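Asks: Data: work11.tsv, TSV, C-alpha atoms.
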chain	number	residue	atom	x	y	z
A	1	MET	CA	-212.47	-51.77	-93.19
A	2	ALA	CA	-211.25	-55.04	-94.78
A	3	LYS	CA	-211.20	-58.03	-92.46
A	4	PRO	CA	-207.70	-59.15	-91.49
A	5	GLN	CA	-206.51	-62.08	-93.51
A	6	VAL	CA	-205.59	-65.20	-91.60
A	7	LEU	CA	-202.58	-67.00	-92.93
A	8	ASP	CA	-203.67	-70.59	-93.07
A	9	ALA	CA	-202.19	-73.76	-94.43
A	10	ALA	CA	-203.76	-73.28	-97.87
A	11	LEU	CA	-202.05	-69.96	-98.40
A	12	LYS	CA	-198.73	-71.39	-97.28
A	13	ALA	CA	-199.02	-74.27	-99.70
A	14	LYS	CA	-199.88	-71.93	-102.54
A	15	ALA	CA	-196.88	-69.78	-101.80
A	16	ALA	CA	-194.58	-72.77	-101.62
A	17	ALA	CA	-195.72	-73.92	-105.03
A	18	LYS	CA	-195.32	-70.53	-106.69
A	19	PRO	CA	-192.80	-68.41	-104.84
A	20	ASP	CA	-193.05	-65.63	-107.40
A	21	ALA	CA	-196.75	-65.37	-106.95
A	22	ALA	CA	-196.56	-63.67	-103.60
A	23	ALA	CA	-198.09	-60.53	-104.97
A	24	ASN	CA	-201.01	-62.53	-106.30
A	25	LEU	CA	-201.87	-63.84	-102.88
A	26	GLY	CA	-203.17	-60.48	-101.88
A	27	VAL	CA	-201.13	-60.61	-98.69
A	28	ALA	CA	-198.80	-57.70	-99.37
A	29	GLY	CA	-200.33	-54.44	-98.22
A	30	SER	CA	-203.15	-56.17	-96.37
A	31	GLU	CA	-203.88	-56.54	-92.72
A	32	LEU	CA	-202.68	-59.88	-91.49
A	33	SER	CA	-203.02	-62.00	-88.41
A	34	PHE	CA	-201.69	-65.45	-87.65
A	35	VAL	CA	-200.78	-67.86	-84.91
A	36	LEU	CA	-197.49	-69.68	-84.96
A	37	VAL	CA	-197.62	-73.04	-83.23
A	38	ASP	CA	-194.67	-74.94	-81.84
A	39	PRO	CA	-194.16	-77.84	-84.27
A	40	LYS	CA	-192.70	-79.96	-81.49
A	41	MET	CA	-195.59	-79.27	-79.13
A	42	PRO	CA	-198.68	-78.70	-81.29
A	43	GLY	CA	-200.79	-77.47	-78.43
A	44	ASN	CA	-198.40	-74.63	-77.61
A	45	LYS	CA	-198.35	-71.31	-79.37
A	46	ILE	CA	-195.11	-69.44	-80.01
A	47	VAL	CA	-196.54	-66.14	-81.13
A	48	LYS	CA	-199.88	-64.65	-82.08
A	49	LEU	CA	-199.44	-61.65	-84.32
A	50	TRP	CA	-201.44	-58.91	-85.98
A	51	ALA	CA	-199.96	-56.64	-88.62
A	52	GLY	CA	-201.50	-53.57	-90.17
A	53	SER	CA	-199.72	-54.28	-93.44
A	54	VAL	CA	-197.19	-56.58	-95.01
A	55	SER	CA	-194.51	-55.56	-97.43
A	56	GLY	CA	-192.34	-57.97	-99.33
A	57	GLY	CA	-195.13	-60.48	-99.67
A	58	LEU	CA	-194.92	-64.19	-98.94
A	59	THR	CA	-191.78	-66.14	-99.71
A	60	GLY	CA	-191.58	-69.67	-101.00
A	61	GLN	CA	-190.91	-71.06	-97.55
A	62	GLY	CA	-194.04	-69.56	-96.19
A	63	ALA	CA	-192.10	-66.81	-94.45
A	64	LEU	CA	-193.33	-63.27	-94.44
A	65	GLY	CA	-191.35	-60.25	-95.53
A	66	THR	CA	-191.73	-57.19	-93.37
A	67	LEU	CA	-194.69	-56.74	-91.11
A	68	ASN	CA	-195.77	-53.21	-90.30
A	69	HIS	CA	-197.72	-51.77	-87.37
A	70	VAL	CA	-197.40	-54.96	-85.41
A	71	SER	CA	-199.01	-56.14	-82.22
A	72	ALA	CA	-197.94	-59.58	-81.00
A	73	LEU	CA	-198.43	-61.90	-78.06
A	74	LEU	CA	-195.25	-63.72	-77.11
A	75	PHE	CA	-195.72	-67.13	-75.53
A	76	GLN	CA	-193.55	-69.15	-73.20
A	77	ARG	CA	-194.38	-72.80	-72.56
A	78	GLY	CA	-197.80	-72.31	-74.04
A	79	ALA	CA	-198.73	-69.33	-71.85
A	80	ALA	CA	-198.95	-65.74	-73.01
A	81	ALA	CA	-195.96	-64.01	-71.45
A	82	ALA	CA	-195.76	-60.56	-73.01
A	83	LYS	CA	-197.30	-58.24	-75.53
A	84	LEU	CA	-195.08	-56.60	-78.11
A	85	THR	CA	-195.94	-53.62	-80.27
A	86	ALA	CA	-193.63	-52.28	-82.95
A	87	PRO	CA	-193.72	-50.28	-86.15
A	88	THR	CA	-191.87	-53.06	-87.96
A	89	VAL	CA	-191.21	-56.77	-87.49
A	90	LYS	CA	-189.14	-58.98	-89.71
A	91	GLY	CA	-191.37	-61.86	-90.58
A	92	ASP	CA	-188.99	-64.56	-91.68
A	93	ASN	CA	-188.03	-67.44	-89.41
A	94	LEU	CA	-190.52	-66.36	-86.77
A	95	GLN	CA	-190.41	-69.59	-84.87
A	96	ASN	CA	-186.72	-69.02	-84.13
A	97	VAL	CA	-186.34	-65.27	-83.96
A	98	LEU	CA	-188.51	-62.18	-84.09
A	99	VAL	CA	-186.81	-58.88	-84.87
A	100	ALA	CA	-188.74	-55.74	-84.10
A	101	THR	CA	-187.58	-52.24	-84.95
A	102	GLY	CA	-188.79	-48.69	-84.64
A	103	ARG	CA	-189.71	-47.78	-81.11
A	104	VAL	CA	-190.56	-51.20	-79.72
A	105	THR	CA	-192.60	-51.75	-76.56
A	106	VAL	CA	-192.97	-54.97	-74.60
A	107	VAL	CA	-195.41	-55.29	-71.73
A	108	SER	CA	-195.20	-58.27	-69.38
A	109	LEU	CA	-198.49	-60.08	-68.99
A	110	GLN	CA	-197.43	-61.77	-65.76
A	111	GLN	CA	-195.16	-59.23	-64.07
A	112	LEU	CA	-197.84	-56.60	-63.77
A	113	GLY	CA	-196.69	-53.07	-64.44
A	114	THR	CA	-193.39	-54.14	-66.01
A	115	THR	CA	-192.56	-52.75	-69.43
A	116	MET	CA	-189.57	-52.25	-71.67
A	117	GLN	CA	-188.95	-50.00	-74.64
A	118	ALA	CA	-186.05	-49.90	-77.09
A	119	ASP	CA	-185.17	-48.94	-80.61
A	120	ARG	CA	-184.75	-52.59	-81.53
A	121	MET	CA	-185.63	-55.90	-79.90
A	122	THR	CA	-184.71	-59.39	-80.90
A	123	TRP	CA	-186.71	-62.20	-79.33
A	124	TYR	CA	-185.51	-65.80	-79.31
A	125	PRO	CA	-188.50	-67.86	-78.18
A	126	LYS	CA	-186.55	-71.07	-77.69
A	127	LYS	CA	-184.04	-69.27	-75.47
A	128	ASN	CA	-186.71	-67.28	-73.67
A	129	LYS	CA	-184.65	-64.13	-74.16
A	130	ILE	CA	-185.20	-60.66	-75.55
A	131	PHE	CA	-182.17	-58.60	-76.53
A	132	ALA	CA	-182.95	-54.92	-76.48
A	133	ASP	CA	-180.75	-52.32	-78.15
A	134	GLY	CA	-180.80	-48.56	-78.34
A	135	HIS	CA	-182.30	-46.18	-75.76
A	136	VAL	CA	-183.49	-49.05	-73.63
A	137	HIS	CA	-185.94	-48.17	-70.87
A	138	TYR	CA	-187.08	-50.73	-68.31
A	139	HIS	CA	-189.89	-49.91	-65.91
A	140	SER	CA	-191.34	-51.80	-62.97
A	141	SER	CA	-194.38	-50.35	-61.24
A	142	GLN	CA	-194.23	-53.11	-58.65
A	143	TYR	CA	-190.85	-51.95	-57.41
A	144	GLY	CA	-191.08	-48.32	-58.49
A	145	ALA	CA	-187.95	-48.70	-60.60
A	146	ASP	CA	-186.90	-47.16	-63.89
A	147	MET	CA	-183.67	-48.16	-65.63
A	148	ASN	CA	-182.08	-46.76	-68.78
A	149	THR	CA	-179.19	-48.23	-70.70
A	150	SER	CA	-177.89	-48.94	-74.20
A	151	HIS	CA	-178.31	-52.68	-74.28
A	152	MET	CA	-180.27	-55.04	-72.08
A	153	THR	CA	-181.11	-58.73	-71.98
A	154	VAL	CA	-184.38	-59.81	-70.39
A	155	ASP	CA	-186.48	-62.93	-70.23
A	156	THR	CA	-189.81	-62.95	-72.06
A	157	LEU	CA	-191.69	-62.23	-68.83
A	158	LEU	CA	-189.45	-59.21	-68.12
A	159	LYS	CA	-188.83	-60.73	-64.72
A	160	THR	CA	-185.06	-60.63	-64.98
A	161	MET	CA	-182.86	-58.09	-66.71
A	162	TYR	CA	-179.13	-57.87	-67.27
A	163	THR	CA	-176.82	-55.28	-68.75
A	164	GLN	CA	-173.09	-54.74	-68.85
A	165	ASP	CA	-173.50	-51.21	-70.07
A	166	ALA	CA	-173.75	-48.13	-67.92
A	167	LEU	CA	-177.09	-47.98	-66.19
A	168	HIS	CA	-178.99	-44.88	-65.09
A	169	GLY	CA	-182.26	-44.87	-63.29
A	170	ASN	CA	-184.13	-44.37	-60.10
A	171	VAL	CA	-186.10	-46.22	-57.51
A	172	ARG	CA	-188.85	-44.86	-55.33
B	173	MET	CA	-149.08	-31.55	-36.96
B	174	ASN	CA	-150.71	-28.48	-35.45
B	175	PRO	CA	-149.88	-28.53	-31.71
B	176	HIS	CA	-153.40	-27.37	-31.03
B	177	THR	CA	-154.95	-30.34	-32.76
B	178	LYS	CA	-156.65	-32.65	-30.36
B	179	ASN	CA	-157.12	-36.38	-30.62
B	180	VAL	CA	-159.98	-37.39	-28.42
B	181	ALA	CA	-160.98	-40.96	-27.67
B	182	VAL	CA	-164.75	-41.02	-27.69
B	183	GLY	CA	-166.89	-43.75	-26.19
B	184	LEU	CA	-170.31	-44.79	-27.33
B	185	LEU	CA	-172.10	-41.54	-27.96
B	186	LEU	CA	-175.19	-40.33	-29.69
B	187	LEU	CA	-174.43	-37.20	-31.64
B	188	THR	CA	-177.57	-35.25	-32.31
B	189	LEU	CA	-177.56	-32.17	-34.40
B	190	PRO	CA	-179.51	-29.33	-32.80
B	191	ALA	CA	-182.84	-28.58	-34.38
B	192	LEU	CA	-183.80	-25.02	-35.13
B	193	ALA	CA	-186.09	-23.42	-32.57
B	194	ALA	CA	-188.29	-21.95	-35.24
B	195	GLY	CA	-188.92	-22.36	-38.93
B	196	GLN	CA	-188.39	-26.10	-38.82
B	197	GLY	CA	-190.95	-26.55	-41.56
B	198	ASN	CA	-193.10	-29.57	-42.23
B	199	ILE	CA	-191.69	-33.05	-42.42
B	200	THR	CA	-191.88	-34.07	-46.05
B	201	LYS	CA	-191.57	-37.61	-47.29
B	202	LEU	CA	-188.16	-38.64	-48.52
B	203	GLY	CA	-188.03	-38.81	-52.29
B	204	GLN	CA	-186.71	-41.15	-54.91
B	205	VAL	CA	-183.17	-42.43	-55.24
B	206	THR	CA	-181.30	-41.80	-58.47
B	207	ILE	CA	-178.92	-44.55	-59.51
B	208	THR	CA	-175.95	-44.63	-61.86
B	209	ALA	CA	-173.91	-47.80	-62.37
B	210	GLY	CA	-170.96	-47.65	-64.73
B	211	GLY	CA	-170.61	-51.40	-64.95
B	212	GLY	CA	-174.26	-52.20	-65.42
B	213	GLY	CA	-176.46	-54.38	-63.32
B	214	GLU	CA	-178.78	-57.29	-62.98
B	215	LEU	CA	-182.33	-57.61	-61.73
B	216	SER	CA	-183.57	-61.03	-60.76
B	217	GLY	CA	-186.89	-61.12	-59.00
B	218	ASN	CA	-186.57	-58.46	-56.32
B	219	ALA	CA	-182.78	-58.48	-56.14
B	220	LEU	CA	-181.05	-55.62	-57.95
B	221	ARG	CA	-177.27	-55.86	-58.24
B	222	LEU	CA	-175.29	-52.89	-59.52
B	223	VAL	CA	-171.57	-52.81	-60.17
B	224	GLY	CA	-168.79	-50.57	-61.37
B	225	GLY	CA	-168.71	-47.07	-59.95
B	226	VAL	CA	-172.20	-47.02	-58.52
B	227	GLN	CA	-173.65	-43.74	-57.33
B	228	LEU	CA	-176.91	-43.44	-55.41
B	229	THR	CA	-178.30	-39.98	-54.81
B	230	SER	CA	-181.32	-38.87	-52.85
B	231	SER	CA	-182.38	-35.76	-51.04
B	232	GLU	CA	-180.71	-37.16	-47.91
B	233	TYR	CA	-177.48	-38.68	-49.18
B	234	ASP	CA	-175.01	-39.22	-51.96
B	235	LEU	CA	-173.35	-42.64	-51.88
B	236	GLN	CA	-170.56	-43.97	-54.02
B	237	VAL	CA	-169.86	-47.69	-53.92
B	238	ASP	CA	-168.16	-50.25	-56.07
B	239	HIS	CA	-170.81	-52.89	-55.73
B	240	ILE	CA	-174.27	-52.91	-54.19
B	241	LEU	CA	-177.02	-55.45	-53.77
B	242	ILE	CA	-180.46	-53.92	-53.28
B	243	THR	CA	-183.46	-55.90	-52.18
B	244	LEU	CA	-186.55	-54.28	-53.63
B	245	GLN	CA	-190.00	-54.36	-52.12
B	246	LYS	CA	-193.31	-53.92	-53.81
B	247	ALA	CA	-195.21	-50.68	-53.84
B	248	GLY	CA	-197.92	-51.80	-51.46
B	249	LYS	CA	-201.63	-51.12	-51.74
B	250	LYS	CA	-201.16	-47.35	-51.72
B	251	GLY	CA	-198.36	-47.63	-54.24
B	252	SER	CA	-196.07	-45.45	-52.19
B	253	ALA	CA	-193.87	-47.81	-50.19
B	254	PRO	CA	-190.17	-47.15	-50.74
B	255	SER	CA	-188.60	-49.46	-53.27
B	256	ILE	CA	-185.53	-50.32	-51.23
B	257	ALA	CA	-186.08	-52.96	-48.56
B	258	THR	CA	-182.40	-53.41	-47.75
B	259	ALA	CA	-179.12	-52.69	-49.45
B	260	THR	CA	-175.60	-53.96	-48.92
B	261	ALA	CA	-172.68	-52.09	-50.42
B	262	ASP	CA	-168.98	-52.73	-50.69
B	263	GLY	CA	-165.95	-50.82	-51.78
B	264	ASN	CA	-163.19	-52.43	-53.79
B	265	PRO	CA	-160.15	-53.33	-51.66
B	266	ALA	CA	-158.14	-54.17	-54.78
B	267	LYS	CA	-158.63	-50.63	-56.02
B	268	GLY	CA	-158.37	-49.10	-52.59
B	269	THR	CA	-161.88	-47.69	-52.75
B	270	GLN	CA	-164.39	-47.66	-49.94
B	271	VAL	CA	-168.09	-47.02	-49.67
B	272	THR	CA	-168.37	-43.25	-49.48
B	273	GLY	CA	-171.38	-41.34	-48.30
B	274	ARG	CA	-172.07	-37.63	-48.26
B	275	PHE	CA	-174.86	-36.34	-46.07
B	276	GLU	CA	-176.19	-32.80	-45.89
B	277	GLN	CA	-177.55	-31.19	-42.77
B	278	VAL	CA	-179.50	-28.55	-44.62
B	279	ASP	CA	-180.49	-26.34	-41.73
B	280	LEU	CA	-176.92	-26.02	-40.52
B	281	ALA	CA	-175.51	-25.99	-44.05
B	282	ARG	CA	-173.06	-28.67	-43.02
B	283	THR	CA	-171.76	-31.59	-45.03
B	284	TYR	CA	-170.71	-34.88	-43.47
B	285	LYS	CA	-168.63	-37.40	-45.35
B	286	VAL	CA	-168.46	-40.98	-44.16
B	287	ARG	CA	-166.46	-43.77	-45.70
B	288	GLY	CA	-166.00	-47.40	-44.76
B	289	ASP	CA	-165.26	-50.82	-46.23
B	290	HIS	CA	-168.90	-51.93	-46.07
B	291	ALA	CA	-172.30	-50.36	-45.63
B	292	VAL	CA	-175.75	-51.75	-45.01
B	293	TYR	CA	-178.98	-49.80	-45.42
B	294	THR	CA	-182.17	-50.73	-43.62
B	295	PRO	CA	-185.33	-48.64	-43.80
B	296	ASP	CA	-187.45	-47.57	-40.86
B	297	PRO	CA	-191.03	-47.18	-42.05
B	298	ALA	CA	-192.09	-46.02	-38.59
B	299	ARG	CA	-189.98	-42.90	-38.89
B	300	PRO	CA	-192.00	-39.77	-39.88
B	301	GLY	CA	-191.60	-39.18	-43.61
B	302	GLY	CA	-189.76	-42.44	-44.05
B	303	GLY	CA	-186.03	-42.95	-43.74
B	304	GLY	CA	-183.76	-45.55	-42.26
B	305	GLN	CA	-180.16	-46.05	-41.35
B	306	ILE	CA	-176.91	-46.73	-43.12
B	307	GLU	CA	-174.44	-48.71	-41.05
B	308	PHE	CA	-170.80	-48.32	-42.05
B	309	THR	CA	-168.23	-50.84	-40.88
B	310	GLY	CA	-164.53	-51.40	-41.45
B	311	HIS	CA	-162.01	-48.55	-41.28
B	312	VAL	CA	-164.75	-45.94	-40.99
B	313	VAL	CA	-163.88	-42.27	-41.19
B	314	LEU	CA	-166.26	-39.36	-40.65
B	315	THR	CA	-165.23	-35.93	-41.85
B	316	THR	CA	-167.03	-32.65	-41.48
B	317	ILE	CA	-166.16	-29.00	-41.58
B	318	ALA	CA	-167.44	-26.65	-38.93
B	319	PRO	CA	-165.82	-23.33	-39.76
B	320	GLU	CA	-167.54	-21.51	-36.98
B	321	ALA	CA	-165.85	-23.57	-34.31
B	322	LEU	CA	-162.82	-25.32	-35.71
B	323	ASP	CA	-159.71	-24.62	-37.64
B	324	GLY	CA	-160.02	-27.19	-40.36
B	325	PRO	CA	-162.09	-30.34	-40.62
B	326	PHE	CA	-163.34	-32.56	-37.83
B	327	THR	CA	-162.37	-36.18	-38.38
B	328	MET	CA	-163.52	-39.26	-36.53
B	329	ASN	CA	-162.16	-42.77	-37.01
B	330	SER	CA	-164.10	-45.81	-35.92
B	331	ASP	CA	-164.85	-49.41	-36.77
B	332	HIS	CA	-168.57	-48.85	-36.71
B	333	PHE	CA	-170.66	-45.83	-37.65
B	334	THR	CA	-174.39	-45.50	-38.22
B	335	VAL	CA	-176.11	-42.66	-40.03
B	336	GLN	CA	-179.79	-42.21	-39.17
B	337	LEU	CA	-181.77	-40.76	-42.07
B	338	GLY	CA	-185.11	-39.08	-41.86
B	339	ALA	CA	-187.23	-36.26	-43.21
B	340	GLY	CA	-187.05	-33.99	-40.18
B	341	PRO	CA	-184.61	-31.12	-39.64
B	342	GLU	CA	-182.81	-33.08	-36.95
B	343	TYR	CA	-181.51	-35.58	-39.50
B	344	PRO	CA	-179.03	-36.97	-40.27
B	345	LYS	CA	-178.04	-38.29	-36.87
B	346	PHE	CA	-174.95	-40.30	-36.11
B	347	ASP	CA	-174.26	-43.24	-33.80
B	348	PHE	CA	-170.79	-44.64	-33.46
B	349	GLY	CA	-168.73	-47.06	-31.45
B	350	PRO	CA	-165.38	-46.40	-29.79
B	351	SER	CA	-163.72	-43.76	-31.92
B	352	VAL	CA	-160.87	-41.34	-32.13
B	353	ALA	CA	-161.77	-37.80	-33.12
B	354	THR	CA	-159.30	-35.28	-34.46
B	355	PHE	CA	-159.99	-31.58	-34.58
B	356	THR	CA	-158.31	-28.23	-34.16
B	357	PRO	CA	-160.16	-25.58	-32.17
B	358	LEU	CA	-160.03	-22.01	-33.41
B	359	GLN	CA	-157.50	-19.88	-31.55
As C-alpha cells, how would this structure be written, given the file I've shared?

Replies:
Amino acid sequence: MAKPQVLDAALKAKAAAKPDAAANLGVAGSELSFVLVDPKMPGNKIVKLWAGSVSGGLTGQGALGTLNHVSALLFQRGAAAAKLTAPTVKGDNLQNVLVATGRVTVVSLQQLGTTMQADRMTWYPKKNKIFADGHVHYHSSQYGADMNTSHMTVDTLLKTMYTQDALHGNVR
Amino acid sequence: MNPHTKNVAVGLLLLTLPALAAGQGNITKLGQVTITAGGGGELSGNALRLVGGVQLTSSEYDLQVDHILITLQKAGKKGSAPSIATATADGNPAKGTQVTGRFEQVDLARTYKVRGDHAVYTPDPARPGGGGQIEFTGHVVLTTIAPEALDGPFTMNSDHFTVQLGAGPEYPKFDFGPSVATFTPLQ
C-alpha cells in the first residue's frame, strides 16, 4: 500500500505557482494526511486529517478539492477535542470551515462516551461550533441519553447541544 | 349536579392501593424514559432543558408539560444508575395548560390522571427497583375512574399532591394535603 502523502510547504508552493498543475502533483486520487496549524498561534493545531483519496486536486491557493474517506482530529485551543469520520469532506478553507457529508460521525475525546451522527456537519473552528443537519443523533453514555432531531448545534467537545426542532429521545 | 354526588373534605391521608394477595410477580427495575419535545431543547453539562409540548413516557407514567428542566446524573460504576437526578416541570399559564400526568395501576387496571401548575420529580434509589416521587403543586386535580364502585369519575382537588413511583405492584401511591374529593356512589 502506498504511503500517505504529507502535504508540506513545498507542495503548497508548487501548487501556488502552477494552479493548473494540480494533477501533476500526484495528490488527486492518493491517500493524504496533513496538519493545519493556527497561523495566529503556531503551536496550536486546528485539524489533523487523513483522507483515503482526494478528488479535484490542489488549487492555486493551496486548498484541497474534495477529500474522501476522511478521518480527522478537531482541535480546540491546541487540544484534541473530537474525532470526525466522514465519507466526504470539502477541503477548501479548512482553517475557517470544514464541511463533512455522507453519514458523518463525531466522537468527543473529552466527554467520554458522547457521540453525534448526522447526514451533514459543518464545523467552524474559530467559533467552536458544529452545525449538524439531517437525521441527527446525539448519544451520551455518561448520562444514558439518546436524542434525535433534524438540526442540532453543538460545541466541538459535544458538551453542549441545542436545537429548536422537535426532539425525540430517551434517557435511562 | 347529581344529588347523590358527594363532596368530601379530606385531611392529610395516605392512599395506598391494595396489593394482590397472590401473583404479585417479581419487582423489576423501572425502565427508560422516552422523551418528545416539540420545541426542541438544550443540553449544557448535566442540565437538559426541553420546551414546547414535552411528553415523557415510562412504564410508570405519561407526563405532558410545557417546559421541563432535567438534571442528569452519570451512569455510575455499574452503568445502570437512572439518568434523571431531578426534574422540574411547568405548564403554560398563558395557554392555560398544566403539567399533566397519567399513571397506571396495572394490577387493578386503573388509570389516574393528575394535573397541576408545577411538578417536581425526585428519585429514590433506596426504593426496590428504583423509582421516586412526583410532587404536583398549584391547582392540583386528581381524576380516576372506578367503575366497580362509583357512578362516574372520582375527582380530588388539592394544592399539593405527591405520586410515589416504584416497581412493585403497590405503586403508584398517592399522598396529598387538604383536599376536596367529588364522587358519586353507585345506586

Asks: Define the interface residues of chain A facing chain B as those within 9 Å, counting all atoms listed in the file, and report them as an mmCIF file with C-alpha atoms, keeping the file's coordinate frame.

Replies:
data_model
loop_
_atom_site.group_PDB
_atom_site.id
_atom_site.type_symbol
_atom_site.label_atom_id
_atom_site.label_comp_id
_atom_site.auth_asym_id
_atom_site.auth_seq_id
_atom_site.Cartn_x
_atom_site.Cartn_y
_atom_site.Cartn_z
ATOM 1 C CA SER A 141 -194.380 -50.350 -61.240
ATOM 2 C CA GLN A 142 -194.230 -53.110 -58.650
ATOM 3 C CA TYR A 143 -190.850 -51.950 -57.410
ATOM 4 C CA GLY A 144 -191.080 -48.320 -58.490
ATOM 5 C CA ALA A 145 -187.950 -48.700 -60.600
ATOM 6 C CA MET A 147 -183.670 -48.160 -65.630
ATOM 7 C CA THR A 149 -179.190 -48.230 -70.700
ATOM 8 C CA LYS A 159 -188.830 -60.730 -64.720
ATOM 9 C CA THR A 160 -185.060 -60.630 -64.980
ATOM 10 C CA MET A 161 -182.860 -58.090 -66.710
ATOM 11 C CA TYR A 162 -179.130 -57.870 -67.270
ATOM 12 C CA THR A 163 -176.820 -55.280 -68.750
ATOM 13 C CA GLN A 164 -173.090 -54.740 -68.850
ATOM 14 C CA ASP A 165 -173.500 -51.210 -70.070
ATOM 15 C CA ALA A 166 -173.750 -48.130 -67.920
ATOM 16 C CA LEU A 167 -177.090 -47.980 -66.190
ATOM 17 C CA HIS A 168 -178.990 -44.880 -65.090
ATOM 18 C CA GLY A 169 -182.260 -44.870 -63.290
ATOM 19 C CA ASN A 170 -184.130 -44.370 -60.100
ATOM 20 C CA VAL A 171 -186.100 -46.220 -57.510
ATOM 21 C CA ARG A 172 -188.850 -44.860 -55.330
#

Asks: Fewer than 6 positions away in the same chain doesn't count, so skip those; otherwise give me all residues within 7 Å of segment 79-90 of chain A, counting all atoms listed in the file, as a ChimeraX atom specification.

Replies: /A:65-73,98-110,156-157

Asks: Residues of segment 56-121 of chain A that have any atom at most 9 Å from an atom of segment 125-133 of chain A: could you tabulate them with the shortest-distance atom pair and the distance in Å to one decimal, using all atoms listed in the file, ordered by chain and increasing number, as CSV?

Replies:
residue,atom,partner,partner_atom,distance
A:Leu74,CA,A:Pro125,CA,8.0
A:Phe75,CA,A:Pro125,CA,7.7
A:Gln76,CA,A:Asn128,CA,7.1
A:Leu94,CA,A:Pro125,CA,9.0
A:Gln95,CA,A:Pro125,CA,7.2
A:Asn96,CA,A:Pro125,CA,6.3
A:Val97,CA,A:Pro125,CA,6.7
A:Leu98,CA,A:Pro125,CA,8.2
A:Met116,CA,A:Ala132,CA,8.6
A:Gln117,CA,A:Ala132,CA,8.0
A:Ala118,CA,A:Asp133,CA,5.9
A:Asp119,CA,A:Asp133,CA,6.1
A:Arg120,CA,A:Asp133,CA,5.2
A:Met121,CA,A:Ala132,CA,4.5

Asks: Would you work out the distance separating atom CA of Gly288 of chain B from atom CA of Glu232 of chain B, expressed in Å to one decimal?

Replies: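 Atom CA of Glu232 of chain B lies at a distance of 18.2 Å from atom CA of Gly288 of chain B.
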
Asks: Compute the distance from (-174.3, -46.2, -39.6) to each atom, counting all atoms listed in the file, keep the residues with any atom at most 8 Å away, and return them as a list in words; use the coordinates of the file.

Replies: Ala291, Val292, Gln305, Ile306, Glu307, Phe308, Thr309, His332, Phe333, Thr334, Val335, Gln336, Phe346, Asp347 and Phe348 of chain B

Asks: Using all atoms listed in the file, which protein or nucleic acid residues come within 12 Å of Gly268 of chain B? Drop anything in the same chain fewer than 5 positions from it, and give the result as a list in words.

Replies: Val237, Asp238, Asp262, Gly263, Arg287, Gly288, Asp289 and His311 of chain B

Asks: Tell me, in Å to one decimal, how far atom CA of Ser150 of chain A is from atom CA of Gln111 of chain A.

Replies: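 These two atoms are separated by 22.5 Å.
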
Asks: For Tyr233 of chain B, find every residue with an atom within 9 Å (counting all atoms listed in the file), except residues of its own chain fewer than 5 positions away, and show them as a list in words.

Replies: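 The filter keeps Leu228, Gly273, Arg274, Phe275, Glu276 and Leu337 of chain B.
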
Asks: Kindly indicate which residue among B:Gln277, B:Lys285, B:Met328, B:Thr260 lies nearest to Asp234 of chain B, using all atoms listed in the file for the distances.

Replies: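 Residue with the minimum atom-to-atom distance to Asp234 of chain B: B:Lys285.
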
Asks: What does the distance from atom CA of Thr114 of chain A to atom CA of Ala257 of chain B come to in Å, to one decimal?

Replies: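 That distance, rounded to one decimal, is 19.0 Å.
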
Asks: Which residue, B:Phe355, B:Val286, B:Gly349, B:Gly340, has the smallest gap to Ser231 of chain B when you use all atoms listed in the file?

Replies: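 Answer, going by the shortest atom-to-atom distance: B:Gly340.
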